[in-house]
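Colleague: Just so it is clear, I am handing over structure-v7.txt, which has compact mmCIF, C-alpha atoms.
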# COMPACT_ATOMS: atom_id res chain seq x y z
CA MET A 1 -41.08 -31.16 18.21
CA SER A 2 -40.32 -29.80 21.64
CA THR A 3 -36.74 -29.41 22.85
CA ASP A 4 -34.97 -28.58 26.08
CA SER A 5 -31.51 -27.43 27.13
CA SER A 6 -30.39 -30.96 28.10
CA GLY A 7 -29.57 -31.85 24.49
CA THR A 8 -32.56 -34.13 23.98
CA ASP A 9 -35.81 -33.61 22.11
CA GLY A 10 -39.27 -34.27 23.47
CA GLY A 11 -38.97 -37.97 22.62
CA GLY A 12 -35.79 -38.41 24.61
CA ARG A 13 -33.57 -38.60 21.54
CA GLN A 14 -30.16 -36.98 21.69
CA ARG A 15 -29.96 -33.97 19.41
CA PRO A 16 -26.87 -33.64 17.20
CA PHE A 17 -24.11 -31.09 17.22
CA VAL A 18 -24.74 -28.83 14.23
CA ILE A 19 -22.06 -26.88 12.37
CA VAL A 20 -23.20 -24.09 10.05
CA GLY A 21 -20.50 -23.40 7.47
CA ALA A 22 -19.10 -26.34 5.48
CA SER A 23 -15.68 -24.70 5.33
CA LEU A 24 -12.19 -25.65 6.46
CA GLY A 25 -13.26 -24.61 9.96
CA GLY A 26 -16.47 -26.61 9.84
CA ALA A 27 -14.79 -29.75 8.54
CA LYS A 28 -11.98 -29.51 11.10
CA ALA A 29 -14.51 -29.08 13.89
CA ALA A 30 -16.31 -32.26 12.83
CA GLN A 31 -12.97 -34.07 12.73
CA ALA A 32 -11.99 -32.73 16.15
CA LEU A 33 -15.29 -33.88 17.68
CA ARG A 34 -14.75 -37.42 16.43
CA GLU A 35 -11.10 -37.44 17.51
CA ALA A 36 -12.19 -36.32 20.98
CA GLY A 37 -14.44 -39.36 21.24
CA TYR A 38 -17.81 -37.75 20.60
CA THR A 39 -20.14 -40.42 19.22
CA GLY A 40 -23.34 -38.40 18.83
CA GLY A 41 -24.75 -36.98 15.64
CA ILE A 42 -22.88 -34.31 13.68
CA VAL A 43 -24.60 -32.30 10.95
CA LEU A 44 -22.38 -30.08 8.79
CA ILE A 45 -24.38 -27.61 6.67
CA GLY A 46 -23.03 -25.40 3.88
CA ASP A 47 -24.49 -23.22 1.18
CA GLU A 48 -21.80 -24.16 -1.36
CA HIS A 49 -22.17 -27.29 -3.47
CA GLU A 50 -18.52 -28.22 -2.99
CA ARG A 51 -17.49 -30.30 -0.01
CA PRO A 52 -15.24 -28.39 2.45
CA TYR A 53 -12.00 -27.11 0.94
CA GLU A 54 -9.09 -24.87 1.88
CA ARG A 55 -8.99 -21.31 0.57
CA PRO A 56 -5.25 -20.40 0.48
CA PRO A 57 -4.65 -22.39 -2.75
CA LEU A 58 -7.34 -20.31 -4.48
CA SER A 59 -4.96 -17.32 -4.60
CA LYS A 60 -1.77 -19.39 -4.72
CA GLY A 61 -1.10 -22.83 -6.22
CA TYR A 62 -4.59 -23.55 -7.57
CA LEU A 63 -4.84 -20.12 -9.17
CA LEU A 64 -1.43 -20.69 -10.78
CA GLY A 65 -2.52 -24.09 -12.08
CA LYS A 66 0.11 -25.86 -9.97
CA THR A 67 -2.23 -27.52 -7.45
CA ASP A 68 -4.68 -30.23 -8.52
CA ARG A 69 -8.31 -29.61 -7.62
CA GLU A 70 -8.55 -32.73 -5.46
CA LYS A 71 -5.76 -31.45 -3.23
CA ILE A 72 -7.71 -28.40 -2.07
CA TYR A 73 -10.32 -30.45 -0.21
CA VAL A 74 -10.09 -30.94 3.55
CA HIS A 75 -11.15 -34.59 3.43
CA PRO A 76 -11.74 -37.19 0.73
CA PRO A 77 -15.42 -37.57 -0.22
CA GLN A 78 -15.90 -40.83 1.68
CA TRP A 79 -14.57 -39.38 4.97
CA TYR A 80 -17.91 -37.89 6.02
CA ALA A 81 -19.89 -41.12 5.72
CA GLU A 82 -17.06 -43.11 7.29
CA HIS A 83 -17.13 -40.81 10.33
CA ASP A 84 -20.92 -40.58 10.50
CA VAL A 85 -20.99 -36.88 9.64
CA THR A 86 -24.14 -35.77 7.83
CA LEU A 87 -22.94 -33.35 5.14
CA ARG A 88 -25.66 -31.11 3.70
CA LEU A 89 -24.33 -29.04 0.83
CA GLY A 90 -26.10 -26.38 -1.23
CA THR A 91 -28.27 -25.76 1.82
CA PRO A 92 -28.37 -22.17 3.09
CA VAL A 93 -29.33 -21.65 6.72
CA VAL A 94 -31.71 -18.70 7.01
CA ALA A 95 -32.38 -18.49 10.76
CA ILE A 96 -31.28 -19.69 14.18
CA ASP A 97 -33.70 -20.06 17.08
CA PRO A 98 -31.59 -20.26 20.26
CA ALA A 99 -34.62 -20.84 22.50
CA ALA A 100 -35.85 -23.81 20.46
CA HIS A 101 -32.30 -24.99 19.64
CA THR A 102 -33.06 -25.16 15.92
CA VAL A 103 -31.71 -23.83 12.66
CA THR A 104 -34.06 -23.14 9.76
CA LEU A 105 -33.02 -23.98 6.21
CA ALA A 106 -33.92 -22.13 3.03
CA ASP A 107 -36.38 -24.89 2.10
CA ASP A 108 -38.17 -24.32 5.45
CA GLY A 109 -36.71 -27.48 6.93
CA ARG A 110 -35.49 -27.36 10.53
CA VAL A 111 -32.57 -29.08 12.20
CA GLU A 112 -32.41 -29.35 15.99
CA TYR A 113 -29.13 -28.99 17.80
CA ALA A 114 -27.67 -29.67 21.23
CA LYS A 115 -24.70 -27.41 20.49
CA LEU A 116 -24.21 -25.15 17.50
CA LEU A 117 -20.95 -23.99 15.92
CA LEU A 118 -20.89 -21.10 13.44
CA THR A 119 -18.06 -21.22 10.90
CA THR A 120 -19.78 -19.01 8.35
CA GLY A 121 -16.63 -17.15 7.33
CA SER A 122 -16.64 -13.89 5.40
CA VAL A 123 -17.60 -12.37 2.07
CA PRO A 124 -15.58 -10.01 -0.13
CA ARG A 125 -16.37 -6.34 0.18
CA ARG A 126 -17.92 -5.06 -3.04
CA LEU A 127 -16.52 -2.15 -4.99
CA PRO A 128 -19.11 0.65 -4.55
CA VAL A 129 -18.74 2.38 -7.92
CA PRO A 130 -20.77 2.46 -11.15
CA GLY A 131 -20.02 -0.42 -13.51
CA ALA A 132 -18.83 -2.81 -10.81
CA GLU A 133 -21.43 -5.48 -11.72
CA GLN A 134 -20.21 -5.96 -15.29
CA GLU A 135 -18.84 -9.16 -16.72
CA GLY A 136 -15.10 -9.46 -16.25
CA VAL A 137 -15.12 -8.02 -12.70
CA HIS A 138 -13.97 -10.68 -10.26
CA TYR A 139 -13.92 -11.27 -6.50
CA LEU A 140 -11.99 -14.16 -5.01
CA ARG A 141 -13.59 -16.24 -2.26
CA ARG A 142 -14.81 -19.54 -3.68
CA VAL A 143 -13.25 -22.21 -5.85
CA GLU A 144 -15.33 -21.20 -8.87
CA ASP A 145 -14.07 -17.62 -8.45
CA SER A 146 -10.49 -18.88 -8.64
CA GLU A 147 -11.28 -20.86 -11.79
CA ARG A 148 -12.89 -17.87 -13.51
CA ILE A 149 -9.98 -15.62 -12.58
CA ARG A 150 -7.44 -18.18 -13.78
CA GLY A 151 -9.24 -18.23 -17.12
CA ALA A 152 -8.77 -14.45 -17.41
CA PHE A 153 -5.03 -14.65 -16.65
CA ARG A 154 -3.48 -15.22 -20.06
CA GLU A 155 -0.53 -13.97 -22.04
CA GLY A 156 -0.96 -10.29 -22.92
CA ALA A 157 -4.26 -9.81 -21.08
CA ARG A 158 -4.68 -6.44 -19.36
CA VAL A 159 -5.48 -7.21 -15.73
CA VAL A 160 -6.24 -4.49 -13.20
CA VAL A 161 -6.20 -5.36 -9.51
CA VAL A 162 -8.03 -2.98 -7.18
CA GLY A 163 -6.52 -3.20 -3.71
CA ALA A 164 -2.95 -4.03 -2.67
CA GLY A 165 -3.70 -6.30 0.27
CA TRP A 166 -2.75 -9.97 0.45
CA ILE A 167 -5.39 -11.17 -2.01
CA GLY A 168 -4.63 -8.31 -4.39
CA LEU A 169 -0.90 -8.92 -4.40
CA GLU A 170 -1.19 -12.70 -4.67
CA THR A 171 -3.57 -12.45 -7.63
CA ALA A 172 -1.33 -9.80 -9.22
CA ALA A 173 1.64 -12.16 -8.91
CA ALA A 174 -0.36 -15.02 -10.43
CA ALA A 175 -1.53 -12.83 -13.33
CA ARG A 176 1.99 -11.60 -14.04
CA THR A 177 3.36 -15.15 -13.86
CA ALA A 178 0.77 -16.12 -16.48
CA GLY A 179 2.09 -13.37 -18.77
CA ALA A 180 -0.61 -10.76 -18.24
CA GLU A 181 0.05 -7.02 -18.12
CA VAL A 182 -0.84 -6.12 -14.56
CA THR A 183 -1.74 -2.82 -12.91
CA VAL A 184 -2.41 -2.62 -9.17
CA LEU A 185 -4.43 0.32 -7.84
CA GLU A 186 -4.21 1.21 -4.16
CA ALA A 187 -5.56 4.15 -2.18
CA ALA A 188 -2.70 4.06 0.35
CA GLU A 189 0.87 5.07 -0.40
CA LEU A 190 2.24 1.52 -0.18
CA PRO A 191 0.86 -2.04 -0.31
CA LEU A 192 -0.08 -3.70 2.98
CA LEU A 193 0.65 -0.47 4.80
CA ARG A 194 -1.76 -1.01 7.71
CA VAL A 195 -0.45 -4.52 8.28
CA LEU A 196 3.29 -4.07 7.82
CA GLY A 197 4.05 -0.37 8.19
CA HIS A 198 6.32 1.64 5.88
CA GLU A 199 9.51 -0.25 6.65
CA VAL A 200 8.37 -3.65 5.40
CA ALA A 201 5.62 -2.62 2.98
CA GLN A 202 8.32 -1.22 0.73
CA VAL A 203 9.71 -4.75 0.27
CA PHE A 204 6.49 -5.85 -1.40
CA ALA A 205 6.30 -2.72 -3.54
CA ASP A 206 9.84 -3.38 -4.79
CA LEU A 207 9.07 -7.06 -5.38
CA HIS A 208 6.13 -6.35 -7.67
CA ARG A 209 7.84 -3.55 -9.54
CA ASP A 210 10.85 -5.78 -10.14
CA HIS A 211 8.51 -8.30 -11.75
CA GLY A 212 6.92 -5.77 -14.07
CA VAL A 213 3.75 -4.90 -12.17
CA ASP A 214 2.53 -1.33 -12.64
CA LEU A 215 1.84 -0.13 -9.09
CA ARG A 216 -0.19 3.03 -8.64
CA PHE A 217 -0.62 4.36 -5.12
CA GLY A 218 -2.75 7.14 -3.69
CA VAL A 219 -5.44 6.62 -6.33
CA GLN A 220 -9.22 6.45 -6.05
CA VAL A 221 -11.42 4.34 -8.32
CA THR A 222 -14.59 6.16 -9.37
CA GLU A 223 -16.05 3.96 -12.12
CA LEU A 224 -15.55 0.78 -14.10
CA THR A 225 -16.11 1.50 -17.76
CA GLY A 226 -17.54 -1.08 -20.11
CA GLU A 227 -18.94 -1.98 -23.48
CA GLY A 228 -21.80 -4.39 -24.08
CA GLY A 229 -21.97 -5.28 -20.41
CA ARG A 230 -18.29 -6.20 -20.17
CA VAL A 231 -15.63 -4.23 -18.31
CA THR A 232 -13.10 -2.35 -20.45
CA GLY A 233 -11.34 -0.11 -17.96
CA VAL A 234 -11.03 1.48 -14.54
CA ARG A 235 -11.58 5.23 -14.26
CA LEU A 236 -9.73 7.11 -11.52
CA ALA A 237 -10.59 10.28 -9.67
CA ASP A 238 -7.98 12.23 -11.64
CA GLY A 239 -9.85 11.43 -14.85
CA THR A 240 -7.45 8.83 -16.22
CA THR A 241 -8.67 5.42 -17.32
CA VAL A 242 -6.67 2.21 -17.05
CA ALA A 243 -7.62 -0.24 -19.80
CA ALA A 244 -8.69 -3.66 -18.57
CA ASP A 245 -9.72 -7.01 -19.99
CA ALA A 246 -10.34 -8.20 -16.44
CA VAL A 247 -10.59 -6.53 -13.03
CA VAL A 248 -9.91 -8.30 -9.75
CA VAL A 249 -11.25 -6.55 -6.66
CA GLY A 250 -9.49 -7.25 -3.36
CA ILE A 251 -10.55 -4.54 -0.91
CA GLY A 252 -11.10 -6.70 2.14
CA ILE A 253 -13.72 -9.02 3.53
CA ALA A 254 -16.66 -8.66 5.90
CA PRO A 255 -17.58 -11.37 8.44
CA THR A 256 -20.83 -13.18 7.71
CA THR A 257 -22.74 -12.28 10.85
CA ALA A 258 -26.35 -11.78 9.70
CA LEU A 259 -27.55 -15.11 11.13
CA ALA A 260 -25.90 -14.46 14.48
CA GLU A 261 -27.17 -10.91 14.71
CA ALA A 262 -30.74 -11.93 13.89
CA ALA A 263 -30.51 -14.63 16.57
CA GLY A 264 -29.59 -12.04 19.19
CA LEU A 265 -25.95 -13.01 19.60
CA THR A 266 -23.45 -10.27 20.44
CA VAL A 267 -21.87 -9.05 17.19
CA ASP A 268 -19.03 -6.54 17.05
CA ASN A 269 -16.60 -6.83 14.13
CA GLY A 270 -17.61 -10.47 13.90
CA ILE A 271 -19.38 -12.78 16.31
CA LYS A 272 -17.99 -11.94 19.72
CA THR A 273 -16.78 -14.91 21.76
CA ASP A 274 -14.83 -15.60 24.91
CA GLU A 275 -11.50 -17.46 25.00
CA HIS A 276 -13.44 -20.75 24.74
CA LEU A 277 -14.97 -19.53 21.44
CA ARG A 278 -18.35 -19.46 23.17
CA THR A 279 -20.73 -16.73 22.05
CA SER A 280 -23.18 -14.81 24.25
CA ASP A 281 -25.37 -17.95 24.06
CA PRO A 282 -23.68 -20.79 26.00
CA ASP A 283 -24.83 -23.42 23.49
CA ILE A 284 -23.49 -21.57 20.43
CA HIS A 285 -19.81 -21.27 19.52
CA ALA A 286 -18.05 -19.54 16.61
CA ALA A 287 -14.69 -20.13 14.94
CA GLY A 288 -12.63 -18.91 12.00
CA ASP A 289 -12.64 -15.45 10.47
CA VAL A 290 -16.24 -14.82 11.57
CA ALA A 291 -15.20 -15.02 15.24
CA ASN A 292 -14.02 -11.97 17.18
CA ALA A 293 -12.52 -14.02 19.99
CA TYR A 294 -11.01 -12.91 23.28
CA HIS A 295 -7.30 -13.75 23.21
CA PRO A 296 -5.80 -14.18 26.70
CA LEU A 297 -2.22 -13.59 25.52
CA PHE A 298 -3.07 -10.16 24.10
CA GLY A 299 -5.81 -9.30 26.59
CA ARG A 300 -8.26 -8.23 23.91
CA HIS A 301 -10.64 -9.52 21.26
CA LEU A 302 -9.09 -10.42 17.90
CA ARG A 303 -10.69 -11.34 14.62
CA VAL A 304 -8.01 -12.92 12.47
CA GLU A 305 -8.77 -13.40 8.77
CA HIS A 306 -6.22 -16.11 8.07
CA TRP A 307 -6.02 -19.82 7.38
CA ALA A 308 -4.36 -20.77 10.69
CA ASN A 309 -7.39 -19.63 12.70
CA ALA A 310 -9.77 -21.60 10.51
CA LEU A 311 -7.48 -24.61 10.90
CA ASN A 312 -6.87 -24.45 14.65
CA GLN A 313 -9.78 -22.68 16.34
CA PRO A 314 -12.25 -25.50 15.58
CA GLN A 315 -10.22 -27.89 17.76
CA THR A 316 -10.73 -25.58 20.75
CA ALA A 317 -14.38 -25.00 19.87
CA ALA A 318 -15.04 -28.74 19.61
CA ARG A 319 -13.50 -29.47 23.00
CA ALA A 320 -15.38 -26.56 24.57
CA MET A 321 -18.64 -27.84 23.08
CA LEU A 322 -17.92 -31.13 24.82
CA GLY A 323 -17.60 -29.36 28.15
CA GLU A 324 -13.82 -29.17 28.42
CA ASP A 325 -12.04 -26.06 29.71
CA ALA A 326 -10.42 -25.44 26.31
CA VAL A 327 -8.84 -22.05 25.61
CA TYR A 328 -7.70 -20.67 22.27
CA ASP A 329 -4.45 -18.79 22.81
CA ARG A 330 -2.38 -19.61 19.72
CA VAL A 331 -0.20 -16.81 18.37
CA PRO A 332 -1.66 -15.60 15.03
CA TYR A 333 0.14 -16.87 11.93
CA PHE A 334 -0.18 -16.44 8.19
CA PHE A 335 1.89 -16.91 5.06
CA THR A 336 2.14 -15.79 1.46
CA ASP A 337 3.92 -16.82 -1.73
CA GLN A 338 4.47 -14.21 -4.43
CA PHE A 339 6.90 -14.66 -7.32
CA ASP A 340 10.19 -15.78 -5.71
CA LEU A 341 9.22 -14.54 -2.24
CA GLY A 342 7.92 -16.87 0.45
CA MET A 343 6.95 -15.40 3.80
CA GLU A 344 5.59 -16.43 7.19
CA TYR A 345 4.29 -13.93 9.75
CA THR A 346 3.90 -14.80 13.42
CA GLY A 347 2.36 -12.48 16.01
CA TYR A 348 0.00 -9.54 16.11
CA VAL A 349 0.58 -5.79 15.77
CA GLU A 350 -2.15 -3.18 15.68
CA PRO A 351 -1.71 -0.53 12.98
CA GLY A 352 0.86 1.88 14.36
CA GLY A 353 1.18 -0.19 17.54
CA TYR A 354 4.96 -0.62 17.42
CA ASP A 355 7.88 1.73 18.02
CA ARG A 356 10.58 0.15 15.87
CA VAL A 357 11.32 -2.51 13.27
CA VAL A 358 14.51 -4.55 13.51
CA PHE A 359 15.85 -6.44 10.49
CA ARG A 360 17.95 -9.58 10.69
CA GLY A 361 19.43 -10.25 7.26
CA ASP A 362 19.18 -8.33 4.01
CA PRO A 363 15.80 -6.83 3.01
CA ALA A 364 17.19 -5.77 -0.38
CA ALA A 365 18.01 -9.41 -1.16
CA ARG A 366 14.59 -10.50 0.18
CA GLU A 367 16.16 -12.88 2.64
CA PHE A 368 15.59 -11.63 6.15
CA ILE A 369 13.51 -11.63 9.31
CA ALA A 370 11.72 -8.43 10.36
CA PHE A 371 10.69 -7.94 13.97
CA TRP A 372 8.13 -5.42 15.20
CA LEU A 373 8.91 -4.22 18.72
CA SER A 374 7.28 -2.10 21.38
CA GLY A 375 9.16 -1.22 24.54
CA GLY A 376 11.88 -3.67 23.60
CA ARG A 377 9.44 -6.60 23.37
CA VAL A 378 8.82 -8.55 20.17
CA LEU A 379 5.21 -8.22 19.01
CA ALA A 380 5.61 -10.08 15.71
CA GLY A 381 8.19 -11.50 13.36
CA MET A 382 8.10 -12.05 9.62
CA ASN A 383 10.57 -14.42 7.97
CA VAL A 384 11.11 -13.87 4.25
CA ASN A 385 12.87 -16.70 2.38
CA VAL A 386 14.30 -17.79 5.74
CA TRP A 387 12.86 -21.03 7.04
CA ASP A 388 12.40 -23.11 10.19
CA VAL A 389 12.27 -20.09 12.48
CA THR A 390 8.58 -19.76 13.27
CA ASP A 391 8.84 -21.68 16.54
CA PRO A 392 11.50 -19.42 18.12
CA ILE A 393 9.70 -16.33 16.79
CA ARG A 394 6.48 -17.57 18.37
CA GLU A 395 8.27 -18.09 21.68
CA LEU A 396 9.70 -14.56 21.59
CA VAL A 397 6.18 -13.20 21.07
CA ARG A 398 4.64 -15.38 23.77
CA SER A 399 7.32 -14.59 26.34
CA GLY A 400 6.72 -10.84 26.29
CA ARG A 401 10.25 -10.35 27.64
CA PRO A 402 12.54 -7.49 26.53
CA VAL A 403 15.24 -8.54 24.07
CA ASP A 404 18.72 -7.33 23.26
CA VAL A 405 18.07 -5.44 20.03
CA LYS A 406 21.65 -5.76 18.81
CA ALA A 407 21.55 -9.53 19.29
CA LEU A 408 18.10 -9.69 17.66
CA ALA A 409 19.55 -8.14 14.50
CA ASP A 410 22.61 -10.40 14.44
CA PRO A 411 22.12 -13.58 12.32
CA ALA A 412 25.02 -15.16 14.20
CA VAL A 413 23.02 -15.16 17.43
CA PRO A 414 20.49 -18.03 17.52
CA LEU A 415 16.95 -16.84 18.12
CA THR A 416 16.67 -19.44 20.85
CA ASP A 417 19.43 -17.62 22.79
CA LEU A 418 17.55 -14.33 23.00
How does this structure look as structure tokens?
Modeller:
Amino acid sequence: MSTDSSGTDGGGRQRPFVIVGASLGGAKAAQALREAGYTGGIVLIGDEHERPYERPPLSKGYLLGKTDREKIYVHPPQWYAEHDVTLRLGTPVVAIDPAAHTVTLADDGRVEYAKLLLTTGSVPRRLPVPGAEQEGVHYLRRVEDSERIRGAFREGARVVVVGAGWIGLETAAAARTAGAEVTVLEAAELPLLRVLGHEVAQVFADLHRDHGVDLRFGVQVTELTGEGGRVTGVRLADGTTVAADAVVVGIGIAPTTALAEAAGLTVDNGIKTDEHLRTSDPDIHAAGDVANAYHPLFGRHLRVEHWANALNQPQTAARAMLGEDAVYDRVPYFFTDQFDLGMEYTGYVEPGGYDRVVFRGDPAAREFIAFWLSGGRVLAGMNVNVWDVTDPIRELVRSGRPVDVKALADPAVPLTDL
């Protein structure tokens, strides 16, 4: 069937808006289109068999067994039919043809589109060592991954976590809470070092040690040992082996860009977009952790691998797809819960891109706010077990104005007065 750039096919029928990636981002985009008054067709396509769900519970409440399965989903099952959204699950998309305005499915079917949104997300980076494909080696991305990992977290089990990033530390906390003996292996000298820097990374190292986690820094994994096809240990470059009944690998994620790249879209650390989340093709947008989007507040492209982007970017993308002058300029935000520590982080700091850290409160007691500054301006703030402060922190970041450092550190001075 022939198509043209007007959004209609050769028979004069209006083509739908198609969303590839039945994720939080994809579901929120469909919702945003309907809330904006769009009455045309919406097709939401995903390769998973589960309807769209949120991923943070997979390493937090759901992994701990505290969150019911039904609560992880973005919408109830009837929502899609009620809002005339065609949901095609278990359906991989294998190609995009921007000239023909079609996507090709794994079964050779084709779906035409007027506008296309890519919310294809990311995949975990694989551990490139011998033995990494054995049974008992886990990666966390999908709901079934969380369920398998939860089954391995039992009293007395020997769990080794490779990588001390957010996923690594959250799964380590869940394993320890379940009564497992937990060892975390990290190549850097502290957890979360690139994200938080030495000053604040130490807080998380102390937290895990205080809860009985064996942290080993500056180590290199060379092999996963096994017996009968099942993992039994993790061998390090110094020749030592850490015994393991289960291994969780959390060494980062890679944006799922193969479709975009093959379609000729500009790809550079994700699918590159402008501030409207529009790609190099004006009829294709991208959102979530696959999108390397230009951020007008920071004057650069950012690819943010956190829930808030997947939640909020689709609203901008949907409005832009409808022809509005919508701009995504939200300040990045993420959160974590580990043991008795709850944290929210607001802002953005490049590794090494700050000149000082200012604490308000008591880091030793794990009740404080940490601020990253450059030239007297607040780049980011992280509140630990201190609540209802994200709005003033966000305003400090957005303002870009120099602050009184002494007042910033003083809990008696309201953040709104700075």
Colleague: What gap, in Å, lies between atom CA of A:Ala243 and atom CA of A:Asp206?
Modeller: 23.2 Å
Colleague: Tell me which of A:Glu54, A:Glu395, A:Glu275, A:Asp362 sits closest to A:Pro411, counting all atoms listed in the file.
Modeller: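 The shortest atom-to-atom distance to A:Pro411 comes from A:Asp362.
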Colleague: Identify, on the basis of all atoms listed in the file, every residue whose closest approach to A:Ala27 does not exceed 8 Å; exclude the query and any residue fewer than 5 positions from it along the same chain; express the result as a PyMOL selection string.
Modeller: chain A and resi 22+44+52+74-75
Colleague: Select, from A:Thr316, A:Asn309, A:Gln220, A:Thr256, the residue with the minimum atom-to-atom distance to A:Thr240, counting only C-alpha atoms.
Modeller: A:Gln220
Colleague: Have a look at atom CA of A:Ile369 and atom CA of A:Gly212 and let me know their distance in Å, one decimal.
Modeller: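 Interatomic distance, atom CA of A:Ile369 to atom CA of A:Gly212: 25.0 Å.
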Colleague: List every protein, DNA or RNA residue that has at least one atom no more than 12 Å from (5.0, -14.7, -5.1) in the file's coordinates, counting only C-alpha atoms, and write the result as a ChimeraX atom specification.
Modeller: /A:59-61,63-64,166-177,204,207-208,210-211,335-343,366,384-385
Colleague: What is the atom CA of A:Val378-atom CA of A:Val403 distance in Å, reported with one decimal?
Modeller: 7.5 Å
Colleague: Excluding A:Pro332 and any residue of its chain fewer than 3 positions from it, enumerate the residues within 7 Å of it, using only C-alpha atoms, and give them as a count of residues only.
Modeller: 3
Colleague: Would you mind listing what lies within 9 Å of stretch 82-94 of chain A as a list of chain:residue names, with all atoms listed in the file counted and same-chain residues fewer than 2 positions away left out?
Modeller: A:Val20, A:Ala22, A:Ala30, A:Gln31, A:Arg34, A:Thr39, A:Gly40, A:Gly41, A:Ile42, A:Val43, A:Leu44, A:Ile45, A:Gly46, A:Asp47, A:Glu48, A:His49, A:Glu50, A:Arg51, A:Gln78, A:Trp79, A:Tyr80, A:Ile96, A:Val103, A:Thr104, A:Leu105, A:Ala106, A:Asp107, A:Asp108, A:Leu259
Colleague: So that all listed atoms of stretch 328-337 of chain A fit with 3 Å spare on each side, what axis-aligned box centre and edge lengths in Å, to one decimal, would you give as lines of an AutoDock Vina configuration file?
Modeller:
center_x = -1.9
center_y = -18.1
center_z = 10.5
size_x = 17.6
size_y = 11.1
size_z = 30.5
Colleague: Counting all atoms listed in the file, I want the residues whose atoms come within 9 Å of (-17.7, -6.6, -21.8) in the file frame, returned as a list in words.
Modeller: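 I get Gln134, Glu135, Gly136, Gly226, Glu227, Gly228, Gly229, Arg230, Val231, Thr232 and Asp245 of chain A for the residues within 9 Å of that point.
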Colleague: Next, dump the selected residues to file, keeping only C-alpha atoms, as a PDB file, in the frame of the given file.
Modeller:
ATOM      1  CA  GLN A 134     -20.210  -5.960 -15.290  1.00  0.00           C
ATOM      2  CA  GLU A 135     -18.840  -9.160 -16.720  1.00  0.00           C
ATOM      3  CA  GLY A 136     -15.100  -9.460 -16.250  1.00  0.00           C
ATOM      4  CA  GLY A 226     -17.540  -1.080 -20.110  1.00  0.00           C
ATOM      5  CA  GLU A 227     -18.940  -1.980 -23.480  1.00  0.00           C
ATOM      6  CA  GLY A 228     -21.800  -4.390 -24.080  1.00  0.00           C
ATOM      7  CA  GLY A 229     -21.970  -5.280 -20.410  1.00  0.00           C
ATOM      8  CA  ARG A 230     -18.290  -6.200 -20.170  1.00  0.00           C
ATOM      9  CA  VAL A 231     -15.630  -4.230 -18.310  1.00  0.00           C
ATOM     10  CA  THR A 232     -13.100  -2.350 -20.450  1.00  0.00           C
ATOM     11  CA  ASP A 245      -9.720  -7.010 -19.990  1.00  0.00           C
TER      12      ASP A 245
END
Colleague: Might you pull out every residue within 10 Å of A:Ser280, with all atoms listed in the file counted and same-chain residues fewer than 2 positions away left off, and present them as a list of chain:residue names?
Modeller: A:Gly264, A:Leu265, A:Thr266, A:Val267, A:Ile271, A:Lys272, A:Thr273, A:Asp274, A:Leu277, A:Arg278, A:Pro282, A:Asp283, A:Ile284, A:His285
Colleague: Residues at most 12 Å from A:Leu190, counting only C-alpha atoms, excluding those fewer than 4 positions away in the same chain, as a ChimeraX atom specification?
Modeller: /A:163-165,169,184-186,194-206,208,215-219
Colleague: Which is closest to A:Ala293 among A:Trp372, A:Tyr328, A:Tyr333, A:Tyr345, if we use only C-alpha atoms?
Modeller: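 Nearest to A:Ala293: A:Tyr328.
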Colleague: Here is a test: counting all atoms listed in the file, which residue of A:Met382, A:Val358, A:Ala157, A:Leu192 is nearest to A:Phe334?
Modeller: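 Among the listed residues, the smallest separation from A:Phe334 belongs to A:Met382.
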Colleague: Here is a test: counting all atoms listed in the file, which residue of A:Gly361, A:Arg110, A:Phe153, A:Val389 is nearest to A:Ala412?
Modeller: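 With all atoms listed in the file as the atom set, the closest residue is A:Gly361.
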Colleague: With distances taken over all atoms listed in the file, which of A:Ala320, A:Val331, A:Val143, A:Ile72 is nearest to A:Leu396?
Modeller: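 Using all atoms listed in the file, the shortest distance to A:Leu396 belongs to A:Val331.
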